[in-house]
Amino acid sequence: MMKFGRILLKDGINKKLLEILVCPLSKQPLRHCEKTNSLISDAIGVSYPIVDGIPRLVPTDGKIIETDDASHSDGSVDLPGK
């Protein structure tokens with residue numbers, strides 16, 4: 001566990017911090033992906049890494065998610081050919 005100011009980070013990212021962070025490009029909420037330890041912007045399909053407990057929300061650090069792997073915030077998934 002790391003202490004970051006008054007926010008304690010454990011196993012990736014603090015839930016309160018996640019509630020206030022938004023994508024720097026779309027300004028939409030982010031979700032935490034435990035599998036890749038990254039923050040995902042479902043609005044634009046970009047993944048931002050978390051390095052040593054610190055989210056790297058610099059647009060150049062973001063990686064475009066393949067459309068086959070991307071899911072939408074409403075839980076739907078893009079189907080091939082649609």
# chains A, B, ... in the order shown; residues from 1 in each chain; ligands from 1
>>> select_by_dssp(residues="segment 18-50 of chain A", states="strand (DSSP E or B)", output="PyMOL selection string")
chain A and resi 22+29+31-33+38-41+46-50
>>> atom_distance(atom1="atom CA of Ile13 of chain A", atom2="atom CA of Ser47 of chain A")
14.6 Å
>>> residues_around(residues="Arg56 of chain A", least_positions_apart="4", cutoff="12 Å", atoms="only C-alpha atoms", output="PyMOL selection string")
chain A and resi 13+21-24+37-40+47-52+60-63
>>> write_last_selection(atoms="N, CA, C and O atoms", output="mmCIF file, in the first residue's frame")
data_model
loop_
_atom_site.group_PDB
_atom_site.id
_atom_site.type_symbol
_atom_site.label_atom_id
_atom_site.label_comp_id
_atom_site.auth_asym_id
_atom_site.auth_seq_id
_atom_site.Cartn_x
_atom_site.Cartn_y
_atom_site.Cartn_z
ATOM 1 N N ILE A 13 -5.781 1.402 -7.712
ATOM 2 C CA ILE A 13 -6.250 2.782 -7.581
ATOM 3 C C ILE A 13 -7.375 2.874 -6.554
ATOM 4 O O ILE A 13 -8.192 1.971 -6.431
ATOM 5 N N LEU A 21 -11.580 11.176 -11.450
ATOM 6 C CA LEU A 21 -10.759 11.204 -12.659
ATOM 7 C C LEU A 21 -11.612 11.068 -13.908
ATOM 8 O O LEU A 21 -12.578 10.306 -13.928
ATOM 9 N N VAL A 22 -11.247 11.796 -14.942
ATOM 10 C CA VAL A 22 -11.923 11.683 -16.239
ATOM 11 C C VAL A 22 -10.867 11.568 -17.332
ATOM 12 O O VAL A 22 -9.706 11.918 -17.135
ATOM 13 N N CYS A 23 -11.272 11.105 -18.476
ATOM 14 C CA CYS A 23 -10.390 11.002 -19.626
ATOM 15 C C CYS A 23 -9.947 12.410 -20.032
ATOM 16 O O CYS A 23 -10.776 13.311 -20.148
ATOM 17 N N PRO A 24 -8.649 12.616 -20.264
ATOM 18 C CA PRO A 24 -8.190 13.952 -20.646
ATOM 19 C C PRO A 24 -8.656 14.379 -22.042
ATOM 20 O O PRO A 24 -8.651 15.567 -22.346
ATOM 21 N N ASN A 37 -4.462 -3.487 -15.255
ATOM 22 C CA ASN A 37 -4.115 -2.414 -14.324
ATOM 23 C C ASN A 37 -4.021 -1.083 -15.070
ATOM 24 O O ASN A 37 -2.987 -0.413 -15.094
ATOM 25 N N SER A 38 -5.117 -0.736 -15.701
ATOM 26 C CA SER A 38 -5.181 0.510 -16.457
ATOM 27 C C SER A 38 -6.554 1.139 -16.278
ATOM 28 O O SER A 38 -7.474 0.520 -15.758
ATOM 29 N N LEU A 39 -6.670 2.383 -16.702
ATOM 30 C CA LEU A 39 -7.950 3.092 -16.695
ATOM 31 C C LEU A 39 -8.441 3.146 -18.136
ATOM 32 O O LEU A 39 -7.692 3.525 -19.041
ATOM 33 N N ILE A 40 -9.691 2.783 -18.337
ATOM 34 C CA ILE A 40 -10.267 2.685 -19.669
ATOM 35 C C ILE A 40 -11.284 3.798 -19.885
ATOM 36 O O ILE A 40 -12.160 4.012 -19.058
ATOM 37 N N SER A 47 -6.970 3.186 -23.415
ATOM 38 C CA SER A 47 -6.525 2.655 -22.135
ATOM 39 C C SER A 47 -5.324 3.468 -21.648
ATOM 40 O O SER A 47 -4.362 3.666 -22.396
ATOM 41 N N TYR A 48 -5.385 3.933 -20.398
ATOM 42 C CA TYR A 48 -4.286 4.687 -19.786
ATOM 43 C C TYR A 48 -3.657 3.822 -18.697
ATOM 44 O O TYR A 48 -4.364 3.312 -17.825
ATOM 45 N N PRO A 49 -2.330 3.661 -18.703
ATOM 46 C CA PRO A 49 -1.687 2.792 -17.713
ATOM 47 C C PRO A 49 -1.656 3.408 -16.317
ATOM 48 O O PRO A 49 -1.707 4.619 -16.150
ATOM 49 N N ILE A 50 -1.565 2.527 -15.323
ATOM 50 C CA ILE A 50 -1.320 2.940 -13.943
ATOM 51 C C ILE A 50 0.076 2.420 -13.610
ATOM 52 O O ILE A 50 0.318 1.213 -13.650
ATOM 53 N N VAL A 51 1.005 3.324 -13.345
ATOM 54 C CA VAL A 51 2.396 2.954 -13.076
ATOM 55 C C VAL A 51 2.718 3.286 -11.624
ATOM 56 O O VAL A 51 2.613 4.443 -11.216
ATOM 57 N N ASP A 52 3.099 2.277 -10.859
ATOM 58 C CA ASP A 52 3.415 2.446 -9.436
ATOM 59 C C ASP A 52 2.282 3.144 -8.689
ATOM 60 O O ASP A 52 2.517 4.009 -7.843
ATOM 61 N N THR A 60 -0.545 11.037 -24.797
ATOM 62 C CA THR A 60 0.439 10.239 -25.532
ATOM 63 C C THR A 60 0.730 8.897 -24.866
ATOM 64 O O THR A 60 1.270 7.999 -25.503
ATOM 65 N N ASP A 61 0.366 8.736 -23.582
ATOM 66 C CA ASP A 61 0.545 7.457 -22.888
ATOM 67 C C ASP A 61 -0.623 6.505 -23.129
ATOM 68 O O ASP A 61 -0.521 5.320 -22.843
ATOM 69 N N GLY A 62 -1.732 7.029 -23.628
ATOM 70 C CA GLY A 62 -2.909 6.210 -23.878
ATOM 71 C C GLY A 62 -2.707 5.292 -25.072
ATOM 72 O O GLY A 62 -1.995 5.624 -26.016
ATOM 73 N N LYS A 63 -3.335 4.116 -24.990
ATOM 74 C CA LYS A 63 -3.273 3.160 -26.093
ATOM 75 C C LYS A 63 -4.679 2.873 -26.578
ATOM 76 O O LYS A 63 -5.592 2.670 -25.774
#
>>> residues_around(residues="Glu19 of chain A", least_positions_apart="3", cutoff="10 Å", atoms="only C-alpha atoms", output="VMD selection string")
chain A and resid 14 to 16 22 29 to 31
>>> write_last_selection(atoms="N, CA, C and O atoms", output="PDB file, in the first residue's frame")
ATOM      1  N   ASN A  14      -7.399   3.972  -5.835  1.00  0.00           N
ATOM      2  CA  ASN A  14      -8.427   4.221  -4.832  1.00  0.00           C
ATOM      3  C   ASN A  14      -9.755   4.529  -5.508  1.00  0.00           C
ATOM      4  O   ASN A  14      -9.803   5.261  -6.499  1.00  0.00           O
ATOM      5  N   LYS A  15     -10.837   3.981  -4.967  1.00  0.00           N
ATOM      6  CA  LYS A  15     -12.166   4.181  -5.574  1.00  0.00           C
ATOM      7  C   LYS A  15     -12.594   5.645  -5.567  1.00  0.00           C
ATOM      8  O   LYS A  15     -13.218   6.106  -6.510  1.00  0.00           O
ATOM      9  N   LYS A  16     -12.260   6.389  -4.528  1.00  0.00           N
ATOM     10  CA  LYS A  16     -12.627   7.811  -4.490  1.00  0.00           C
ATOM     11  C   LYS A  16     -11.892   8.585  -5.572  1.00  0.00           C
ATOM     12  O   LYS A  16     -12.453   9.475  -6.194  1.00  0.00           O
ATOM     13  N   VAL A  22     -11.247  11.796 -14.942  1.00  0.00           N
ATOM     14  CA  VAL A  22     -11.923  11.683 -16.239  1.00  0.00           C
ATOM     15  C   VAL A  22     -10.867  11.568 -17.332  1.00  0.00           C
ATOM     16  O   VAL A  22      -9.706  11.918 -17.135  1.00  0.00           O
ATOM     17  N   PRO A  29     -16.062   9.750 -17.711  1.00  0.00           N
ATOM     18  CA  PRO A  29     -15.531   8.916 -16.623  1.00  0.00           C
ATOM     19  C   PRO A  29     -14.670   7.768 -17.149  1.00  0.00           C
ATOM     20  O   PRO A  29     -14.832   7.314 -18.281  1.00  0.00           O
ATOM     21  N   LEU A  30     -13.784   7.306 -16.289  1.00  0.00           N
ATOM     22  CA  LEU A  30     -12.918   6.175 -16.598  1.00  0.00           C
ATOM     23  C   LEU A  30     -13.316   4.991 -15.737  1.00  0.00           C
ATOM     24  O   LEU A  30     -13.868   5.161 -14.658  1.00  0.00           O
ATOM     25  N   ARG A  31     -13.017   3.789 -16.221  1.00  0.00           N
ATOM     26  CA  ARG A  31     -13.230   2.606 -15.388  1.00  0.00           C
ATOM     27  C   ARG A  31     -11.891   1.893 -15.225  1.00  0.00           C
ATOM     28  O   ARG A  31     -11.026   1.959 -16.087  1.00  0.00           O
TER      29      ARG A  31
END
>>> residues_around(residues="Gly45 of chain A", least_positions_apart="2", cutoff="7 Å", atoms="only C-alpha atoms", output="ChimeraX atom specification")
/A:41-43,47,64-65,70
>>> write_last_selection(atoms="N, CA and C atoms", output="compact mmCIF listing (two decimals), in the first residue's frame")
# COMPACT_ATOMS: atom_id res chain seq x y z
N SER A 41 -11.16 4.47 -21.01
CA SER A 41 -12.18 5.42 -21.45
C SER A 41 -13.03 4.70 -22.48
N ASP A 42 -14.21 4.26 -22.05
CA ASP A 42 -15.13 3.58 -22.97
C ASP A 42 -15.65 4.52 -24.04
N ALA A 43 -15.68 5.81 -23.74
CA ALA A 43 -16.21 6.79 -24.69
C ALA A 43 -15.40 6.84 -25.98
N SER A 47 -6.97 3.19 -23.41
CA SER A 47 -6.52 2.66 -22.13
C SER A 47 -5.32 3.47 -21.65
N ILE A 64 -4.86 2.85 -27.89
CA ILE A 64 -6.17 2.56 -28.46
C ILE A 64 -6.48 1.10 -28.25
N ILE A 65 -7.68 0.83 -27.77
CA ILE A 65 -8.13 -0.53 -27.52
C ILE A 65 -8.70 -1.08 -28.82
N ALA A 70 -13.05 -3.99 -26.91
CA ALA A 70 -13.69 -2.85 -26.25
C ALA A 70 -15.16 -3.14 -25.97
>>> atom_distance(atom1="atom CA of Glu34 of chain A", atom2="atom CA of Val58 of chain A")
19.8 Å
>>> decode(residues="segment 20-61 of chain A", atoms="N, CA and C atoms", output="mmCIF file, in the first residue's frame")
data_model
loop_
_atom_site.group_PDB
_atom_site.id
_atom_site.type_symbol
_atom_site.label_atom_id
_atom_site.label_comp_id
_atom_site.auth_asym_id
_atom_site.auth_seq_id
_atom_site.Cartn_x
_atom_site.Cartn_y
_atom_site.Cartn_z
ATOM 1 N N ILE A 20 -13.354 10.769 -9.375
ATOM 2 C CA ILE A 20 -13.128 12.147 -9.832
ATOM 3 C C ILE A 20 -12.285 12.251 -11.097
ATOM 4 N N LEU A 21 -11.580 11.176 -11.450
ATOM 5 C CA LEU A 21 -10.759 11.204 -12.659
ATOM 6 C C LEU A 21 -11.612 11.068 -13.908
ATOM 7 N N VAL A 22 -11.247 11.796 -14.942
ATOM 8 C CA VAL A 22 -11.923 11.683 -16.239
ATOM 9 C C VAL A 22 -10.867 11.568 -17.332
ATOM 10 N N CYS A 23 -11.272 11.105 -18.476
ATOM 11 C CA CYS A 23 -10.390 11.002 -19.626
ATOM 12 C C CYS A 23 -9.947 12.410 -20.032
ATOM 13 N N PRO A 24 -8.649 12.616 -20.264
ATOM 14 C CA PRO A 24 -8.190 13.952 -20.646
ATOM 15 C C PRO A 24 -8.656 14.379 -22.042
ATOM 16 N N LEU A 25 -9.068 13.441 -22.863
ATOM 17 C CA LEU A 25 -9.519 13.780 -24.216
ATOM 18 C C LEU A 25 -11.031 13.945 -24.302
ATOM 19 N N SER A 26 -11.776 12.958 -23.764
ATOM 20 C CA SER A 26 -13.245 13.000 -23.895
ATOM 21 C C SER A 26 -13.933 13.664 -22.707
ATOM 22 N N LYS A 27 -13.210 13.811 -21.603
ATOM 23 C CA LYS A 27 -13.769 14.370 -20.353
ATOM 24 C C LYS A 27 -14.878 13.496 -19.781
ATOM 25 N N GLN A 28 -14.891 12.210 -20.147
ATOM 26 C CA GLN A 28 -15.873 11.247 -19.655
ATOM 27 C C GLN A 28 -15.238 10.385 -18.562
ATOM 28 N N PRO A 29 -16.062 9.750 -17.711
ATOM 29 C CA PRO A 29 -15.531 8.916 -16.623
ATOM 30 C C PRO A 29 -14.670 7.768 -17.149
ATOM 31 N N LEU A 30 -13.784 7.306 -16.289
ATOM 32 C CA LEU A 30 -12.918 6.175 -16.598
ATOM 33 C C LEU A 30 -13.316 4.991 -15.737
ATOM 34 N N ARG A 31 -13.017 3.789 -16.221
ATOM 35 C CA ARG A 31 -13.230 2.606 -15.388
ATOM 36 C C ARG A 31 -11.891 1.893 -15.225
ATOM 37 N N HIS A 32 -11.743 1.220 -14.094
ATOM 38 C CA HIS A 32 -10.497 0.524 -13.798
ATOM 39 C C HIS A 32 -10.568 -0.899 -14.328
ATOM 40 N N CYS A 33 -9.563 -1.313 -15.068
ATOM 41 C CA CYS A 33 -9.443 -2.680 -15.552
ATOM 42 C C CYS A 33 -8.373 -3.361 -14.711
ATOM 43 N N GLU A 34 -8.794 -4.292 -13.860
ATOM 44 C CA GLU A 34 -7.842 -4.975 -12.986
ATOM 45 C C GLU A 34 -6.926 -5.890 -13.781
ATOM 46 N N LYS A 35 -7.420 -6.453 -14.864
ATOM 47 C CA LYS A 35 -6.631 -7.382 -15.681
ATOM 48 C C LYS A 35 -5.372 -6.703 -16.237
ATOM 49 N N THR A 36 -5.522 -5.481 -16.741
ATOM 50 C CA THR A 36 -4.394 -4.765 -17.335
ATOM 51 C C THR A 36 -3.844 -3.672 -16.417
ATOM 52 N N ASN A 37 -4.462 -3.487 -15.255
ATOM 53 C CA ASN A 37 -4.115 -2.414 -14.324
ATOM 54 C C ASN A 37 -4.021 -1.083 -15.070
ATOM 55 N N SER A 38 -5.117 -0.736 -15.701
ATOM 56 C CA SER A 38 -5.181 0.510 -16.457
ATOM 57 C C SER A 38 -6.554 1.139 -16.278
ATOM 58 N N LEU A 39 -6.670 2.383 -16.702
ATOM 59 C CA LEU A 39 -7.950 3.092 -16.695
ATOM 60 C C LEU A 39 -8.441 3.146 -18.136
ATOM 61 N N ILE A 40 -9.691 2.783 -18.337
ATOM 62 C CA ILE A 40 -10.267 2.685 -19.669
ATOM 63 C C ILE A 40 -11.284 3.798 -19.885
ATOM 64 N N SER A 41 -11.161 4.467 -21.015
ATOM 65 C CA SER A 41 -12.177 5.421 -21.448
ATOM 66 C C SER A 41 -13.034 4.700 -22.483
ATOM 67 N N ASP A 42 -14.213 4.263 -22.053
ATOM 68 C CA ASP A 42 -15.128 3.576 -22.971
ATOM 69 C C ASP A 42 -15.649 4.521 -24.038
ATOM 70 N N ALA A 43 -15.684 5.811 -23.744
ATOM 71 C CA ALA A 43 -16.214 6.793 -24.693
ATOM 72 C C ALA A 43 -15.397 6.836 -25.981
ATOM 73 N N ILE A 44 -14.077 6.706 -25.855
ATOM 74 C CA ILE A 44 -13.225 6.792 -27.051
ATOM 75 C C ILE A 44 -12.362 5.554 -27.267
ATOM 76 N N GLY A 45 -12.464 4.560 -26.390
ATOM 77 C CA GLY A 45 -11.723 3.322 -26.562
ATOM 78 C C GLY A 45 -10.226 3.452 -26.362
ATOM 79 N N VAL A 46 -9.837 4.153 -25.275
ATOM 80 C CA VAL A 46 -8.419 4.339 -24.974
ATOM 81 C C VAL A 46 -8.136 3.823 -23.566
ATOM 82 N N SER A 47 -6.970 3.186 -23.415
ATOM 83 C CA SER A 47 -6.525 2.655 -22.135
ATOM 84 C C SER A 47 -5.324 3.468 -21.648
ATOM 85 N N TYR A 48 -5.385 3.933 -20.398
ATOM 86 C CA TYR A 48 -4.286 4.687 -19.786
ATOM 87 C C TYR A 48 -3.657 3.822 -18.697
ATOM 88 N N PRO A 49 -2.330 3.661 -18.703
ATOM 89 C CA PRO A 49 -1.687 2.792 -17.713
ATOM 90 C C PRO A 49 -1.656 3.408 -16.317
ATOM 91 N N ILE A 50 -1.565 2.527 -15.323
ATOM 92 C CA ILE A 50 -1.320 2.940 -13.943
ATOM 93 C C ILE A 50 0.076 2.420 -13.610
ATOM 94 N N VAL A 51 1.005 3.324 -13.345
ATOM 95 C CA VAL A 51 2.396 2.954 -13.076
ATOM 96 C C VAL A 51 2.718 3.286 -11.624
ATOM 97 N N ASP A 52 3.099 2.277 -10.859
ATOM 98 C CA ASP A 52 3.415 2.446 -9.436
ATOM 99 C C ASP A 52 2.282 3.144 -8.689
ATOM 100 N N GLY A 53 1.046 2.804 -9.038
ATOM 101 C CA GLY A 53 -0.121 3.368 -8.363
ATOM 102 C C GLY A 53 -0.534 4.744 -8.845
ATOM 103 N N ILE A 54 0.152 5.265 -9.850
ATOM 104 C CA ILE A 54 -0.141 6.609 -10.350
ATOM 105 C C ILE A 54 -0.722 6.515 -11.761
ATOM 106 N N PRO A 55 -1.955 6.986 -11.959
ATOM 107 C CA PRO A 55 -2.542 6.978 -13.303
ATOM 108 C C PRO A 55 -1.778 7.917 -14.235
ATOM 109 N N ARG A 56 -1.420 7.432 -15.410
ATOM 110 C CA ARG A 56 -0.723 8.258 -16.405
ATOM 111 C C ARG A 56 -1.738 8.689 -17.447
ATOM 112 N N LEU A 57 -2.340 9.838 -17.195
ATOM 113 C CA LEU A 57 -3.427 10.333 -18.039
ATOM 114 C C LEU A 57 -2.950 11.328 -19.090
ATOM 115 N N VAL A 58 -1.732 11.175 -19.526
ATOM 116 C CA VAL A 58 -1.203 11.996 -20.606
ATOM 117 C C VAL A 58 -1.673 11.356 -21.915
ATOM 118 N N PRO A 59 -2.298 12.126 -22.802
ATOM 119 C CA PRO A 59 -2.827 11.523 -24.032
ATOM 120 C C PRO A 59 -1.817 10.670 -24.803
ATOM 121 N N THR A 60 -0.545 11.037 -24.797
ATOM 122 C CA THR A 60 0.439 10.239 -25.532
ATOM 123 C C THR A 60 0.730 8.897 -24.866
ATOM 124 N N ASP A 61 0.366 8.736 -23.582
ATOM 125 C CA ASP A 61 0.545 7.457 -22.888
ATOM 126 C C ASP A 61 -0.623 6.505 -23.129
#
